[in-house]
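J.: Input input-v8.tsv, format and content: TSV, C-alpha atoms.
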chain	number	residue	atom	x	y	z
A	1	MET	CA	107.78	89.93	135.52
A	2	PRO	CA	110.00	90.26	132.41
A	3	ARG	CA	108.75	92.64	129.79
A	4	SER	CA	107.28	91.25	126.57
A	5	LYS	CA	108.59	92.07	123.11
A	6	GLU	CA	105.56	94.29	122.56
A	7	GLN	CA	106.26	96.23	125.77
A	8	PHE	CA	109.87	96.80	124.76
A	9	GLU	CA	108.74	98.05	121.35
A	10	GLU	CA	106.22	100.41	122.94
A	11	MET	CA	108.94	101.80	125.22
A	12	ARG	CA	111.24	102.29	122.21
A	13	ASN	CA	108.51	104.16	120.35
A	14	VAL	CA	107.81	106.43	123.34
A	15	THR	CA	111.51	107.22	123.64
A	16	ARG	CA	111.87	107.92	119.93
A	17	LYS	CA	108.89	110.30	120.03
A	18	LYS	CA	110.54	112.18	122.91
A	19	ILE	CA	113.78	112.40	120.92
A	20	HIS	CA	111.96	113.55	117.77
A	21	SER	CA	110.04	116.24	119.63
A	22	ALA	CA	113.14	117.52	121.43
A	23	ALA	CA	115.28	117.51	118.27
A	24	MET	CA	112.68	119.36	116.18
A	25	GLN	CA	112.24	121.97	118.91
A	26	LEU	CA	115.99	122.58	119.15
A	27	PHE	CA	116.73	122.47	115.42
A	28	VAL	CA	113.97	125.01	114.80
A	29	ASN	CA	114.77	127.39	117.66
A	30	GLN	CA	118.57	127.36	117.69
A	31	GLY	CA	119.54	125.77	114.37
A	32	PHE	CA	121.07	122.44	113.37
A	33	GLY	CA	124.66	123.60	113.77
A	34	SER	CA	124.12	125.01	117.27
A	35	THR	CA	122.39	121.90	118.58
A	36	ASN	CA	124.41	119.02	120.02
A	37	VAL	CA	123.41	115.53	121.08
A	38	GLN	CA	123.59	116.40	124.78
A	39	ASP	CA	121.11	119.25	124.22
A	40	ILE	CA	118.68	116.83	122.59
A	41	ALA	CA	119.03	114.25	125.36
A	42	ASP	CA	118.52	116.88	128.07
A	43	THR	CA	115.44	118.34	126.36
A	44	ALA	CA	113.99	114.86	125.84
A	45	GLY	CA	114.60	114.02	129.51
A	46	ILE	CA	116.73	110.95	128.76
A	47	SER	CA	120.37	109.98	129.15
A	48	ILE	CA	122.76	110.58	126.28
A	49	GLY	CA	123.54	106.85	126.35
A	50	LEU	CA	119.90	106.02	125.69
A	51	LEU	CA	119.81	108.49	122.81
A	52	TYR	CA	122.85	106.84	121.25
A	53	ARG	CA	121.06	103.49	121.42
A	54	HIS	CA	118.54	104.95	118.95
A	55	TYR	CA	120.75	107.24	116.82
A	56	LYS	CA	124.49	107.17	116.25
A	57	ASN	CA	124.63	110.96	115.73
A	58	LYS	CA	122.46	114.03	115.18
A	59	ASP	CA	122.90	113.76	111.39
A	60	GLN	CA	121.08	110.42	111.37
A	61	LEU	CA	118.32	111.88	113.55
A	62	PHE	CA	118.00	114.96	111.32
A	63	ASN	CA	117.75	112.77	108.21
A	64	GLU	CA	115.00	110.67	109.79
A	65	LEU	CA	113.00	113.77	110.69
A	66	VAL	CA	113.35	115.18	107.18
A	67	ALA	CA	112.33	111.82	105.68
A	68	TYR	CA	109.25	111.83	107.94
A	69	ALA	CA	108.36	115.34	106.75
A	70	VAL	CA	108.84	114.37	103.08
A	71	ALA	CA	106.55	111.36	103.56
A	72	GLY	CA	103.88	113.77	104.82
A	73	LEU	CA	104.25	115.92	101.71
A	74	LYS	CA	103.83	112.82	99.52
A	75	ARG	CA	100.62	111.92	101.36
A	76	ASN	CA	99.31	115.41	100.63
A	77	ILE	CA	100.03	114.94	96.93
A	78	THR	CA	98.06	111.68	96.89
A	79	PHE	CA	95.23	113.37	98.80
A	80	PHE	CA	94.98	116.26	96.32
A	81	GLU	CA	95.00	113.90	93.35
A	82	SER	CA	91.86	112.05	94.48
A	83	ASP	CA	88.54	112.43	92.64
A	84	GLN	CA	86.64	114.29	95.38
A	85	SER	CA	85.35	117.86	95.09
A	86	PRO	CA	88.31	120.29	94.96
A	87	LYS	CA	86.59	122.57	97.47
A	88	LYS	CA	85.96	119.67	99.84
A	89	LEU	CA	89.58	118.48	99.59
A	90	MET	CA	91.01	121.94	100.15
A	91	ALA	CA	88.63	122.66	103.04
A	92	GLN	CA	89.59	119.39	104.75
A	93	PHE	CA	93.29	120.08	104.26
A	94	VAL	CA	93.02	123.63	105.64
A	95	ASP	CA	90.98	122.41	108.62
A	96	GLU	CA	93.71	119.88	109.42
A	97	VAL	CA	96.45	122.51	109.08
A	98	TYR	CA	94.49	124.87	111.35
A	99	THR	CA	93.91	122.18	113.99
A	100	ASP	CA	97.56	121.09	113.93
A	101	MET	CA	98.82	124.67	114.21
A	102	ILE	CA	96.64	125.59	117.20
A	103	SER	CA	96.97	122.29	119.07
A	104	GLY	CA	100.70	121.65	118.97
A	105	GLU	CA	104.12	122.31	117.50
A	106	GLU	CA	104.77	119.31	115.24
A	107	LEU	CA	103.47	120.69	111.94
A	108	THR	CA	105.12	124.05	112.55
A	109	HIS	CA	108.45	122.39	113.31
A	110	LEU	CA	108.25	120.05	110.32
A	111	LEU	CA	107.56	122.92	107.93
A	112	ILE	CA	110.50	124.90	109.24
A	113	LEU	CA	112.71	121.80	109.32
A	114	ILE	CA	112.13	121.20	105.60
A	115	ASN	CA	112.90	124.84	104.91
A	116	GLN	CA	116.07	124.65	106.99
A	117	SER	CA	117.21	121.51	105.21
A	118	LEU	CA	117.13	123.44	101.93
A	119	LEU	CA	118.31	126.87	103.01
A	120	ALA	CA	120.50	126.55	106.10
A	121	GLY	CA	123.35	124.70	104.40
A	122	ALA	CA	123.38	121.82	106.87
A	123	ALA	CA	125.66	119.01	105.71
A	124	THR	CA	122.89	116.47	106.23
A	125	ALA	CA	120.59	118.26	103.78
A	126	SER	CA	122.40	116.78	100.79
A	127	LYS	CA	120.88	113.35	101.37
A	128	HIS	CA	117.35	114.65	100.84
A	129	TYR	CA	117.96	117.88	98.96
A	130	GLU	CA	116.93	116.73	95.48
A	131	GLU	CA	114.01	114.67	96.78
A	132	ILE	CA	112.64	117.62	98.76
A	133	LEU	CA	112.88	119.88	95.72
A	134	GLN	CA	111.07	117.32	93.56
A	135	VAL	CA	108.35	116.60	96.11
A	136	ASN	CA	107.76	120.31	96.75
A	137	ALA	CA	107.42	120.90	93.00
A	138	ARG	CA	104.98	117.97	92.69
A	139	LEU	CA	102.93	119.25	95.62
A	140	LEU	CA	102.76	122.73	94.08
A	141	ASP	CA	101.71	121.27	90.72
A	142	SER	CA	99.07	118.95	92.22
A	143	THR	CA	97.64	121.85	94.21
A	144	ALA	CA	97.56	124.07	91.12
A	145	GLN	CA	95.78	121.31	89.23
A	146	LEU	CA	93.26	121.00	92.08
A	147	ILE	CA	92.65	124.75	91.91
A	148	ARG	CA	92.10	124.56	88.14
A	149	LYS	CA	89.52	121.82	88.66
A	150	GLY	CA	87.82	123.96	91.29
A	151	GLN	CA	87.78	126.91	88.92
A	152	GLU	CA	86.25	124.79	86.16
A	153	ARG	CA	83.49	123.71	88.55
A	154	GLY	CA	82.87	127.28	89.68
A	155	GLU	CA	84.02	126.53	93.26
A	156	PHE	CA	87.17	128.69	93.21
A	157	HIS	CA	87.89	132.26	92.16
A	158	SER	CA	89.50	132.78	88.76
A	159	GLY	CA	93.21	133.49	88.49
A	160	ASP	CA	96.53	131.84	87.69
A	161	ALA	CA	96.33	128.50	89.52
A	162	GLN	CA	100.10	128.16	89.89
A	163	GLU	CA	100.36	131.62	91.47
A	164	MET	CA	97.44	130.86	93.79
A	165	ALA	CA	99.03	127.61	94.90
A	166	ALA	CA	102.32	129.41	95.57
A	167	LEU	CA	100.51	132.05	97.65
A	168	PHE	CA	98.69	129.34	99.60
A	169	TYR	CA	101.86	127.53	100.67
A	170	ALA	CA	103.77	130.76	101.27
A	171	SER	CA	101.00	131.73	103.69
A	172	ILE	CA	101.24	128.46	105.62
A	173	GLN	CA	105.05	128.58	105.72
A	174	GLY	CA	104.98	132.19	106.88
A	175	LEU	CA	102.45	131.38	109.61
A	176	ALA	CA	104.71	128.59	110.87
A	177	GLN	CA	107.59	131.08	111.15
A	178	MET	CA	105.34	133.59	112.94
A	179	LYS	CA	104.17	130.92	115.39
A	180	VAL	CA	107.76	130.21	116.40
A	181	LEU	CA	108.70	133.90	116.66
A	182	LEU	CA	105.58	135.18	118.44
A	183	LYS	CA	104.98	132.11	120.66
A	184	SER	CA	101.96	132.77	122.93
A	185	ASN	CA	101.18	136.05	121.12
A	186	PHE	CA	100.56	134.22	117.84
A	187	THR	CA	97.00	134.04	116.53
A	188	MET	CA	96.27	131.46	113.84
A	189	PRO	CA	93.93	132.78	111.11
A	190	SER	CA	90.70	130.82	110.77
A	191	PRO	CA	90.17	128.36	107.89
A	192	SER	CA	87.75	130.82	106.28
A	193	ILE	CA	90.49	133.49	106.20
A	194	LEU	CA	93.04	131.05	104.77
A	195	THR	CA	90.69	130.09	101.93
A	196	ALA	CA	89.07	133.50	101.30
A	197	PHE	CA	91.16	134.13	98.17
A	198	LEU	CA	90.23	130.67	96.83
A	199	PHE	CA	86.62	129.86	97.64
A	200	LYS	CA	83.72	131.55	95.95
A	201	GLU	CA	80.82	132.46	98.17
A	202	ARG	CA	77.57	130.70	97.35
A	203	GLU	CA	75.39	132.93	95.21
Taking this structure as input, can you express it in the form of structure tokens?
T.:
Amino acid sequence: MPRSKEQFEEMRNVTRKKIHSAAMQLFVNQGFGSTNVQDIADTAGISIGLLYRHYKNKDQLFNELVAYAVAGLKRNITFFESDQSPKKLMAQFVDEVYTDMISGEELTHLLILINQSLLAGAATASKHYEEILQVNARLLDSTAQLIRKGQERGEFHSGDAQEMAALFYASIQGLAQMKVLLKSNFTMPSPSILTAFLFKERE
């Protein structure tokens, strides 16, 4: 029987996910410049012809991955700007980071990919460079504002909220790098460790 439009779309989505996963793995582990389209196709387990049906070159693929990562950062900003308890929001966010870090590679690869797009000098970074800088600054500011609210409510320790937000994201970024370097020897700190400098213990 001929395949339906929905079946074709599902097959396309499965293939694109394979390409995304393979590309992120290679970009992270061997760098954008050292990765070619054939490498990506081989790692994804597809023909290079099929890859070219989805992306005309690795620059287009890289840009799509970075755009996907930036969209995730924007969702985090919206999440932190909601009216819920700062401690509840931060605890939920850290739980999600912890689960993603111990259960797979996607979050780790996305964090490093964003960093690479800013620091590695890849030609494709220019398309998203300014947007990434702006979104990162907004995320840092929204997190600092969340920390201030938590401090006002007595949920968080006192301190400079901007510095605490910077430390928080530096910790997550550093853990992503360690996960890639240490592989199976990496141990992800528990959510309680990640938030120990933020959350006050109940008195």
J.: Please check which residues have atoms at most 12 Å from (89.7, 119.6, 103.9) in the file's coordinates, counting all atoms listed in the file, and write them as a VMD selection string.
T.: chain A and resid 76 79 to 80 84 to 99 191 to 192 194 to 195
J.: I want to know what sits within 8 Å of Phe27 of chain A, based on only C-alpha atoms, with residues of the same chain fewer than 5 positions away left out; could you give that as a tab-separated table (two decimals) with C-alpha atoms, in the frame of the given file?
T.:
chain	number	residue	atom	x	y	z
A	32	PHE	CA	121.07	122.44	113.37
A	35	THR	CA	122.39	121.90	118.58
A	113	LEU	CA	112.71	121.80	109.32
J.: I'd like the interatomic distance between atom CA of Asp141 of chain A and atom CA of Met164 of chain A, to a tenth of an Å.
T.: 10.9 Å
J.: Would you mind listing what lies within 12 Å of segment 58-63 of chain A as a ChimeraX atom specification, with all atoms listed in the file counted and same-chain residues fewer than 2 positions away left out?
T.: /A:16-17,19-28,31-41,48,51-56,65-70,110,113-114,116-117,122-129,132
J.: Which is closer to Met101 of chain A than all the others in A:Leu182, A:Val14, A:Leu175, A:Ala137, using all atoms listed in the file?
T.: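 Looking at the shortest contact to Met101 of chain A, the residue is A:Leu175.
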J.: Of the candidates A:Glu64, A:Asp42, A:Glu163, A:Glu131, which shows the shortest atom-to-atom distance to Gln145 of chain A, using all atoms listed in the file?
T.: A:Glu163
J.: Could you tell me how far atom CA of Gln177 of chain A lies from atom CA of Ser190 of chain A, in Å and to one decimal?
T.: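 Between these atoms lies a distance of 16.9 Å.
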J.: With distances taken over only C-alpha atoms, which residue among A:Asp100, A:Lys74, A:Lys18, A:Thr108 lies nearest Lys179 of chain A?
T.: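 Smallest separation from Lys179 of chain A among the options: A:Thr108.
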J.: Give as a VMD selection string the set of residues within 10 Å of the point (102.1, 129.3, 110.0), where distances use the file's coordinates and only C-alpha atoms.
T.: chain A and resid 97 to 98 101 to 102 107 to 109 111 to 112 169 to 180 186 to 189
J.: Would you work out the distance separating atom CA of Met11 of chain A from atom CA of Arg75 of chain A, expressed in Å to one decimal?
T.: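 Between atom CA of Met11 of chain A and atom CA of Arg75 of chain A the gap works out to 27.2 Å.
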J.: Point out the residue among A:Glu130, A:Phe197, A:Asn115, A:Asp83 with the least atom-to-atom distance to Lys149 of chain A, counting all atoms listed in the file.
T.: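 Once distances to Lys149 of chain A are computed over all atoms listed in the file, the minimum belongs to A:Asp83.
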J.: Could you check which of A:Leu73, A:Leu50, A:Asn185, A:Gly104 is closest to Asn136 of chain A, using only C-alpha atoms?
T.: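 Counting only C-alpha atoms, the residue closest to Asn136 of chain A is A:Leu73.
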J.: Nearest to Phe199 of chain A among A:Lys183, A:Gln134, A:Leu167, A:Gln151, with distances taken over only C-alpha atoms: which residue is it?
T.: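 Among the listed residues, A:Gln151 lies closest to Phe199 of chain A.
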